[in-house]
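Some notes on the structure that comes next.
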Amino acid sequence: MSDKTANEGIRLQKVLSQAGVASRRAAEDLIDQGRVSVDGKVVREQGKRVDPLTAAIHVDGMRVNVREDRVYLALNKPRGVHTTMEDDQGRPCVGDYLRNRAERLFHVGRLDADTEGLLLLTNDGELAHRLMHPSYGVKKTYLAEVPAPVGRDVGKTLRGGVVLEDGPAKVDSFKLVDNFGNRALVEVVIHEGRKHIVRRLLDEVGHPVHSLVRTRIADVALGNQRPGAIRALNRNEVGSLYSAVGL
Ligand code: URA
């Protein structure tokens with residue numbers, strides 16, 4: 001018997017094994033143990049058929065991507081590269097790094113041309129939309145090089161909130177990471193995405209940014225990825241992004 005017919009879908013254990021979660025036998029064990037849910041309901045029966053195009057499947061509470069056509073990438077966007085898929089003035093842009101890919105990918109939010117660091121790329125429109133939408137409060141972490149010394153009150157001021165020209169803004173956290181001569185390295189965590197927000201916040205407290213790198217989005221870290229390098233997110237990283245936006 002075929003594993004897929006038009007209306008019946010594919011057996012859950014096969015979907016899980018094709019998604020790389022576990023071998024089919026191990027997937028059956030996960031189902032037996034009540035660790036798998038489909039569309040919010042725990043499935044204990046073996047052989048349940050699901051449609052991988054529409055089913056929301058969780059293992060141990062973490063969403064599993066079971067769609068083979070979905071792509072989730074992390075680019076370390078180099079400084080000087082514009083966050084666009086095409087640039088009509090011929091400037092370097094993110095699309096240059098994706099020319100040999102067949103999928104139609106979106107960049108999740110933007111980084112300034114002058115900012116380096118983690119930029120997510122995907123063809124999962126719902127996830128991209130939620131990651132960008134301020135109501136989901138997804139945290140992004142930045143490292144900024146600013147003039148030193150950085151006074152003790154700077155973090156308190158930024159956490160308490162300041163008023164920018166387009167309204168109030170605050171950081172979730174602020175940390176002095178390092179001091180070297182007349183420069184300091186500070187870490188800022190923020191969950192909103194207004195244009196130039198980190199630069200404007202630091203400017204406002206007297207620390208204009210010399211250089212800015214985004215190092216993390218929710219639980220996905222840039223790590224030691226070189227500027228210009230692209231990598232596929234692993235299953236846990238994709239699951240953590242789904243969790244961050246309630247999918
Ligand atoms: N905040 C900025 O100021 N620039 C970026 O690129 C991202 C956040």
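Residue names in the structure tokens use chain letters A, B, ... in the order shown, residue numbers from 1 in each chain, and ligand numbers from 1 in the order shown.
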
Taking the DSSP secondary structure from the backbone, can you list the residues of range 97-198 of chain A that are strand (DSSP E), as a VMD selection string? chain A and resid 106 to 107 116 to 122 140 to 147 162 to 164 167 to 169 173 to 180 183 to 190

Please identify which residues in range 36-172 of chain A DSSP calls alpha helix (DSSP H) from the backbone, and express them as a list in words.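 Everything in range 36-172 of chain A that counts as alpha helix (DSSP H) is Gly125, Glu126, Leu127, Ala128, His129, Arg130, Leu131, Met132, Asp153, Val154, Gly155, Lys156, Thr157, Leu158, Arg159 and Gly160 of chain A.
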
Selection: 9 Å around Val209 in chain A, only C-alpha atoms, excl. self and same-chain fewer than 6 positions, as a PDB file with all heavy atoms, in the first residue's frame:
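Saved the output as selection-v6.pdb:
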```pdb
ATOM      1  N   ALA A 144      27.845  46.330  20.166  1.00  0.00           N
ATOM      2  CA  ALA A 144      28.174  47.626  19.575  1.00  0.00           C
ATOM      3  C   ALA A 144      29.480  48.134  20.156  1.00  0.00           C
ATOM      4  O   ALA A 144      29.734  48.003  21.356  1.00  0.00           O
ATOM      5  CB  ALA A 144      27.059  48.629  19.871  1.00  0.00           C
ATOM      6  N   GLU A 145      30.307  48.692  19.270  1.00  0.00           N
ATOM      7  CA  GLU A 145      31.521  49.352  19.729  1.00  0.00           C
ATOM      8  C   GLU A 145      31.201  50.841  19.841  1.00  0.00           C
ATOM      9  O   GLU A 145      30.715  51.442  18.870  1.00  0.00           O
ATOM     10  CB  GLU A 145      32.621  49.114  18.690  1.00  0.00           C
ATOM     11  CG  GLU A 145      34.005  49.230  19.231  1.00  0.00           C
ATOM     12  CD  GLU A 145      35.017  49.035  18.128  1.00  0.00           C
ATOM     13  OE1 GLU A 145      34.978  47.977  17.468  1.00  0.00           O
ATOM     14  OE2 GLU A 145      35.813  49.950  17.916  1.00  0.00           O
ATOM     15  N   VAL A 146      31.418  51.385  21.017  1.00  0.00           N
ATOM     16  CA  VAL A 146      31.029  52.781  21.288  1.00  0.00           C
ATOM     17  C   VAL A 146      32.183  53.492  22.009  1.00  0.00           C
ATOM     18  O   VAL A 146      33.079  52.839  22.540  1.00  0.00           O
ATOM     19  CB  VAL A 146      29.753  52.833  22.181  1.00  0.00           C
ATOM     20  CG1 VAL A 146      28.554  52.241  21.473  1.00  0.00           C
ATOM     21  CG2 VAL A 146      29.980  52.155  23.532  1.00  0.00           C
ATOM     22  N   PRO A 147      32.133  54.829  22.061  1.00  0.00           N
ATOM     23  CA  PRO A 147      33.171  55.538  22.808  1.00  0.00           C
ATOM     24  C   PRO A 147      33.108  55.201  24.297  1.00  0.00           C
ATOM     25  O   PRO A 147      32.013  55.104  24.857  1.00  0.00           O
ATOM     26  CB  PRO A 147      32.825  57.021  22.591  1.00  0.00           C
ATOM     27  CG  PRO A 147      31.907  57.063  21.419  1.00  0.00           C
ATOM     28  CD  PRO A 147      31.188  55.756  21.404  1.00  0.00           C
ATOM     29  N   VAL A 198      19.079  50.535  17.361  1.00  0.00           N
ATOM     30  CA  VAL A 198      20.176  50.406  18.327  1.00  0.00           C
ATOM     31  C   VAL A 198      21.102  51.624  18.221  1.00  0.00           C
ATOM     32  O   VAL A 198      21.509  52.214  19.234  1.00  0.00           O
ATOM     33  CB  VAL A 198      20.955  49.089  18.101  1.00  0.00           C
ATOM     34  CG1 VAL A 198      22.155  49.014  19.029  1.00  0.00           C
ATOM     35  CG2 VAL A 198      20.040  47.881  18.319  1.00  0.00           C
ATOM     36  N   ARG A 199      21.393  52.027  16.995  1.00  0.00           N
ATOM     37  CA  ARG A 199      22.249  53.214  16.814  1.00  0.00           C
ATOM     38  C   ARG A 199      21.600  54.444  17.436  1.00  0.00           C
ATOM     39  O   ARG A 199      22.269  55.247  18.109  1.00  0.00           O
ATOM     40  CB  ARG A 199      22.481  53.473  15.314  1.00  0.00           C
ATOM     41  CG  ARG A 199      23.321  52.399  14.647  1.00  0.00           C
ATOM     42  CD  ARG A 199      23.407  52.618  13.138  1.00  0.00           C
ATOM     43  NE  ARG A 199      23.896  51.420  12.490  1.00  0.00           N
ATOM     44  CZ  ARG A 199      25.183  51.121  12.319  1.00  0.00           C
ATOM     45  NH1 ARG A 199      26.112  51.968  12.711  1.00  0.00           N
ATOM     46  NH2 ARG A 199      25.534  49.977  11.750  1.00  0.00           N
ATOM     47  N   ARG A 200      20.295  54.592  17.235  1.00  0.00           N
ATOM     48  CA  ARG A 200      19.618  55.792  17.753  1.00  0.00           C
ATOM     49  C   ARG A 200      19.569  55.774  19.280  1.00  0.00           C
ATOM     50  O   ARG A 200      19.734  56.800  19.931  1.00  0.00           O
ATOM     51  CB  ARG A 200      18.220  55.910  17.145  1.00  0.00           C
ATOM     52  CG  ARG A 200      18.282  56.240  15.650  1.00  0.00           C
ATOM     53  CD  ARG A 200      16.947  56.683  15.117  1.00  0.00           C
ATOM     54  NE  ARG A 200      15.991  55.605  15.022  1.00  0.00           N
ATOM     55  CZ  ARG A 200      14.717  55.704  15.366  1.00  0.00           C
ATOM     56  NH1 ARG A 200      14.237  56.817  15.875  1.00  0.00           N
ATOM     57  NH2 ARG A 200      13.908  54.679  15.212  1.00  0.00           N
ATOM     58  N   LEU A 202      21.701  54.312  21.331  1.00  0.00           N
ATOM     59  CA  LEU A 202      23.025  54.557  21.909  1.00  0.00           C
ATOM     60  C   LEU A 202      23.459  56.003  21.674  1.00  0.00           C
ATOM     61  O   LEU A 202      24.108  56.609  22.531  1.00  0.00           O
ATOM     62  CB  LEU A 202      24.037  53.537  21.362  1.00  0.00           C
ATOM     63  CG  LEU A 202      23.812  52.120  21.910  1.00  0.00           C
ATOM     64  CD1 LEU A 202      24.633  51.088  21.145  1.00  0.00           C
ATOM     65  CD2 LEU A 202      24.159  52.046  23.404  1.00  0.00           C
ATOM     66  N   ASP A 203      23.092  56.551  20.551  1.00  0.00           N
ATOM     67  CA  ASP A 203      23.333  57.973  20.272  1.00  0.00           C
ATOM     68  C   ASP A 203      22.687  58.832  21.354  1.00  0.00           C
ATOM     69  O   ASP A 203      23.295  59.763  21.877  1.00  0.00           O
ATOM     70  CB  ASP A 203      22.643  58.321  18.943  1.00  0.00           C
ATOM     71  CG  ASP A 203      23.614  58.916  17.952  1.00  0.00           C
ATOM     72  OD1 ASP A 203      24.805  59.048  18.291  1.00  0.00           O
ATOM     73  OD2 ASP A 203      23.172  59.235  16.835  1.00  0.00           O
TER      74      ASP A 203
END
```

Ligand 1: which residues are within 12 Å, counting only C-alpha atoms and all ligand atoms, as an NGL selection string? :A and (77-83 or 108-119 or 139-144 or 169 or 171 or 188-204 or 208-217)

Could the residues in this selection be saved with N, CA and C atoms as a short mmCIF file (atom, residue, chain, number, x, y, z; two decimals), in the first residue's frame?
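Contents of result-v1.cif, freshly written:
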```cif
data_model
loop_
_atom_site.label_atom_id
_atom_site.label_comp_id
_atom_site.auth_asym_id
_atom_site.auth_seq_id
_atom_site.Cartn_x
_atom_site.Cartn_y
_atom_site.Cartn_z
N LYS A 77 25.63 38.57 7.46
CA LYS A 77 25.66 39.64 6.47
C LYS A 77 26.90 40.50 6.70
N PRO A 78 27.73 40.65 5.68
CA PRO A 78 28.92 41.48 5.86
C PRO A 78 28.55 42.97 5.87
N ARG A 79 29.41 43.76 6.47
CA ARG A 79 29.25 45.21 6.43
C ARG A 79 29.33 45.66 4.97
N GLY A 80 28.52 46.65 4.59
CA GLY A 80 28.57 47.16 3.21
C GLY A 80 27.58 46.47 2.28
N VAL A 81 26.89 45.45 2.79
CA VAL A 81 25.92 44.71 1.97
C VAL A 81 24.51 45.17 2.35
N HIS A 82 23.72 45.52 1.35
CA HIS A 82 22.37 46.02 1.59
C HIS A 82 21.39 44.87 1.78
N THR A 83 20.41 45.06 2.69
CA THR A 83 19.43 44.00 2.95
C THR A 83 18.29 44.10 1.94
N VAL A 108 14.45 38.00 6.89
CA VAL A 108 13.58 38.26 8.04
C VAL A 108 14.05 39.57 8.67
N GLY A 109 13.36 40.64 8.36
CA GLY A 109 13.76 41.96 8.84
C GLY A 109 14.98 42.47 8.08
N ARG A 110 15.55 43.52 8.62
CA ARG A 110 16.67 44.17 7.92
C ARG A 110 17.79 44.48 8.87
N LEU A 111 18.98 44.54 8.31
CA LEU A 111 20.11 45.14 9.02
C LEU A 111 20.57 46.32 8.17
N ASP A 112 21.03 47.38 8.82
CA ASP A 112 21.60 48.50 8.06
C ASP A 112 22.76 47.98 7.21
N ALA A 113 23.04 48.69 6.12
CA ALA A 113 24.19 48.29 5.29
C ALA A 113 25.46 48.26 6.15
N ASP A 114 25.57 49.20 7.09
CA ASP A 114 26.77 49.29 7.94
C ASP A 114 26.82 48.24 9.05
N THR A 115 25.72 47.53 9.26
CA THR A 115 25.68 46.54 10.34
C THR A 115 26.03 45.17 9.78
N GLU A 116 26.80 44.44 10.57
CA GLU A 116 27.18 43.08 10.20
C GLU A 116 26.33 42.12 11.03
N GLY A 117 26.27 40.85 10.63
CA GLY A 117 25.72 39.88 11.56
C GLY A 117 24.56 39.06 11.06
N LEU A 118 23.88 38.48 12.04
CA LEU A 118 22.91 37.42 11.76
C LEU A 118 21.66 37.94 11.05
N LEU A 119 21.41 37.37 9.88
CA LEU A 119 20.20 37.67 9.14
C LEU A 119 19.59 36.32 8.76
N LYS A 139 13.49 38.48 20.80
CA LYS A 139 14.67 39.24 21.24
C LYS A 139 15.83 39.11 20.27
N LYS A 140 16.46 40.24 19.99
CA LYS A 140 17.65 40.26 19.14
C LYS A 140 18.79 40.85 19.95
N THR A 141 19.95 40.26 19.79
CA THR A 141 21.11 40.72 20.56
C THR A 141 22.14 41.36 19.63
N TYR A 142 22.67 42.49 20.06
CA TYR A 142 23.66 43.22 19.26
C TYR A 142 24.89 43.51 20.11
N LEU A 143 26.05 43.51 19.44
CA LEU A 143 27.27 43.99 20.08
C LEU A 143 27.65 45.28 19.38
N ALA A 144 27.84 46.33 20.17
CA ALA A 144 28.17 47.63 19.57
C ALA A 144 29.48 48.13 20.16
N ALA A 169 11.41 54.33 23.46
CA ALA A 169 12.08 53.05 23.14
C ALA A 169 12.90 52.64 24.34
N VAL A 171 15.54 49.16 25.96
CA VAL A 171 16.20 47.87 25.70
C VAL A 171 15.70 46.86 26.73
N VAL A 188 23.55 44.80 23.67
CA VAL A 188 22.18 45.32 23.80
C VAL A 188 21.21 44.24 23.34
N VAL A 189 20.20 43.96 24.15
CA VAL A 189 19.13 43.05 23.73
C VAL A 189 17.86 43.86 23.60
N ILE A 190 17.17 43.69 22.49
CA ILE A 190 16.01 44.52 22.20
C ILE A 190 15.00 43.67 21.44
N HIS A 191 13.70 43.97 21.61
CA HIS A 191 12.73 43.14 20.88
C HIS A 191 11.91 43.92 19.88
N GLU A 192 12.42 45.08 19.50
CA GLU A 192 11.69 45.79 18.45
C GLU A 192 12.61 46.03 17.26
N GLY A 193 12.02 46.47 16.15
CA GLY A 193 12.82 46.52 14.93
C GLY A 193 12.72 47.83 14.17
N ARG A 194 12.46 48.94 14.89
CA ARG A 194 12.41 50.21 14.16
C ARG A 194 13.77 50.50 13.52
N LYS A 195 13.73 51.28 12.47
CA LYS A 195 14.94 51.57 11.69
C LYS A 195 16.04 52.18 12.57
N HIS A 196 17.25 51.67 12.44
CA HIS A 196 18.43 52.20 13.14
C HIS A 196 18.23 52.24 14.67
N ILE A 197 17.40 51.37 15.19
CA ILE A 197 16.98 51.53 16.58
C ILE A 197 18.15 51.47 17.57
N VAL A 198 19.08 50.53 17.36
CA VAL A 198 20.18 50.41 18.33
C VAL A 198 21.10 51.62 18.22
N ARG A 199 21.39 52.03 17.00
CA ARG A 199 22.25 53.21 16.81
C ARG A 199 21.60 54.44 17.44
N ARG A 200 20.30 54.59 17.24
CA ARG A 200 19.62 55.79 17.75
C ARG A 200 19.57 55.77 19.28
N LEU A 201 19.32 54.60 19.85
CA LEU A 201 19.28 54.50 21.31
C LEU A 201 20.64 54.85 21.92
N LEU A 202 21.70 54.31 21.33
CA LEU A 202 23.02 54.56 21.91
C LEU A 202 23.46 56.00 21.67
N ASP A 203 23.09 56.55 20.55
CA ASP A 203 23.33 57.97 20.27
C ASP A 203 22.69 58.83 21.35
N GLU A 204 21.46 58.48 21.66
CA GLU A 204 20.65 59.27 22.61
C GLU A 204 21.31 59.34 23.98
N PRO A 208 27.61 57.24 20.41
CA PRO A 208 27.39 56.94 19.00
C PRO A 208 28.15 55.67 18.57
N VAL A 209 27.48 54.85 17.79
CA VAL A 209 28.02 53.52 17.45
C VAL A 209 29.11 53.62 16.38
N HIS A 210 30.25 52.99 16.67
CA HIS A 210 31.31 52.87 15.64
C HIS A 210 31.06 51.66 14.76
N SER A 211 30.68 50.57 15.39
CA SER A 211 30.38 49.37 14.60
C SER A 211 29.35 48.54 15.35
N LEU A 212 28.55 47.83 14.56
CA LEU A 212 27.41 47.10 15.14
C LEU A 212 27.32 45.71 14.50
N VAL A 213 27.14 44.72 15.35
CA VAL A 213 27.00 43.33 14.88
C VAL A 213 25.79 42.72 15.57
N ARG A 214 24.91 42.06 14.79
CA ARG A 214 23.82 41.31 15.43
C ARG A 214 24.32 39.88 15.66
N THR A 215 24.28 39.46 16.91
CA THR A 215 24.87 38.17 17.26
C THR A 215 23.84 37.08 17.52
N ARG A 216 22.57 37.45 17.71
CA ARG A 216 21.60 36.43 18.09
C ARG A 216 20.18 36.90 17.77
N ILE A 217 19.34 35.96 17.36
CA ILE A 217 17.90 36.21 17.25
C ILE A 217 17.22 35.08 18.00
#
```

With only C-alpha atoms as the counted atoms, please give the residues lying no more than 6 Å from range 9-11 of chain A, apart from itself and same-chain residues fewer than 6 positions off, as an NGL selection string. :A and (3 or 47-51)

Could you pull the residues within 7 Å of range 125-127 of chain A, counting only C-alpha atoms, minus those fewer than 3 positions along the same chain, as a list in words? Arg130, Leu131 and Tyr242 of chain A

Keeping only N, CA, C and O atoms, write those residues as a JSON list (two decimals), in the first residue's frame.
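File produced: selection.json:
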```json
[["chain", "number", "residue", "atom", "x", "y", "z"],
["A", 130, "ARG", "N", 5.89, 36.47, 11.71],
["A", 130, "ARG", "CA", 5.82, 36.55, 13.18],
["A", 130, "ARG", "C", 7.14, 37.01, 13.79],
["A", 130, "ARG", "O", 7.16, 37.74, 14.77],
["A", 131, "LEU", "N", 8.26, 36.53, 13.22],
["A", 131, "LEU", "CA", 9.56, 36.93, 13.77],
["A", 131, "LEU", "C", 9.75, 38.44, 13.66],
["A", 131, "LEU", "O", 10.42, 39.07, 14.49],
["A", 242, "TYR", "N", 10.17, 28.64, 16.01],
["A", 242, "TYR", "CA", 8.71, 28.41, 16.09],
["A", 242, "TYR", "C", 8.21, 28.70, 17.50],
["A", 242, "TYR", "O", 7.21, 29.38, 17.70]]
```

I'd like the contact shell of Gly34 in chain A - 12 Å cut-off, only C-alpha atoms, skipping same-chain residues fewer than 2 positions apart - returned as a ChimeraX atom specification. /A:27-32,36-38,41-46,58-61
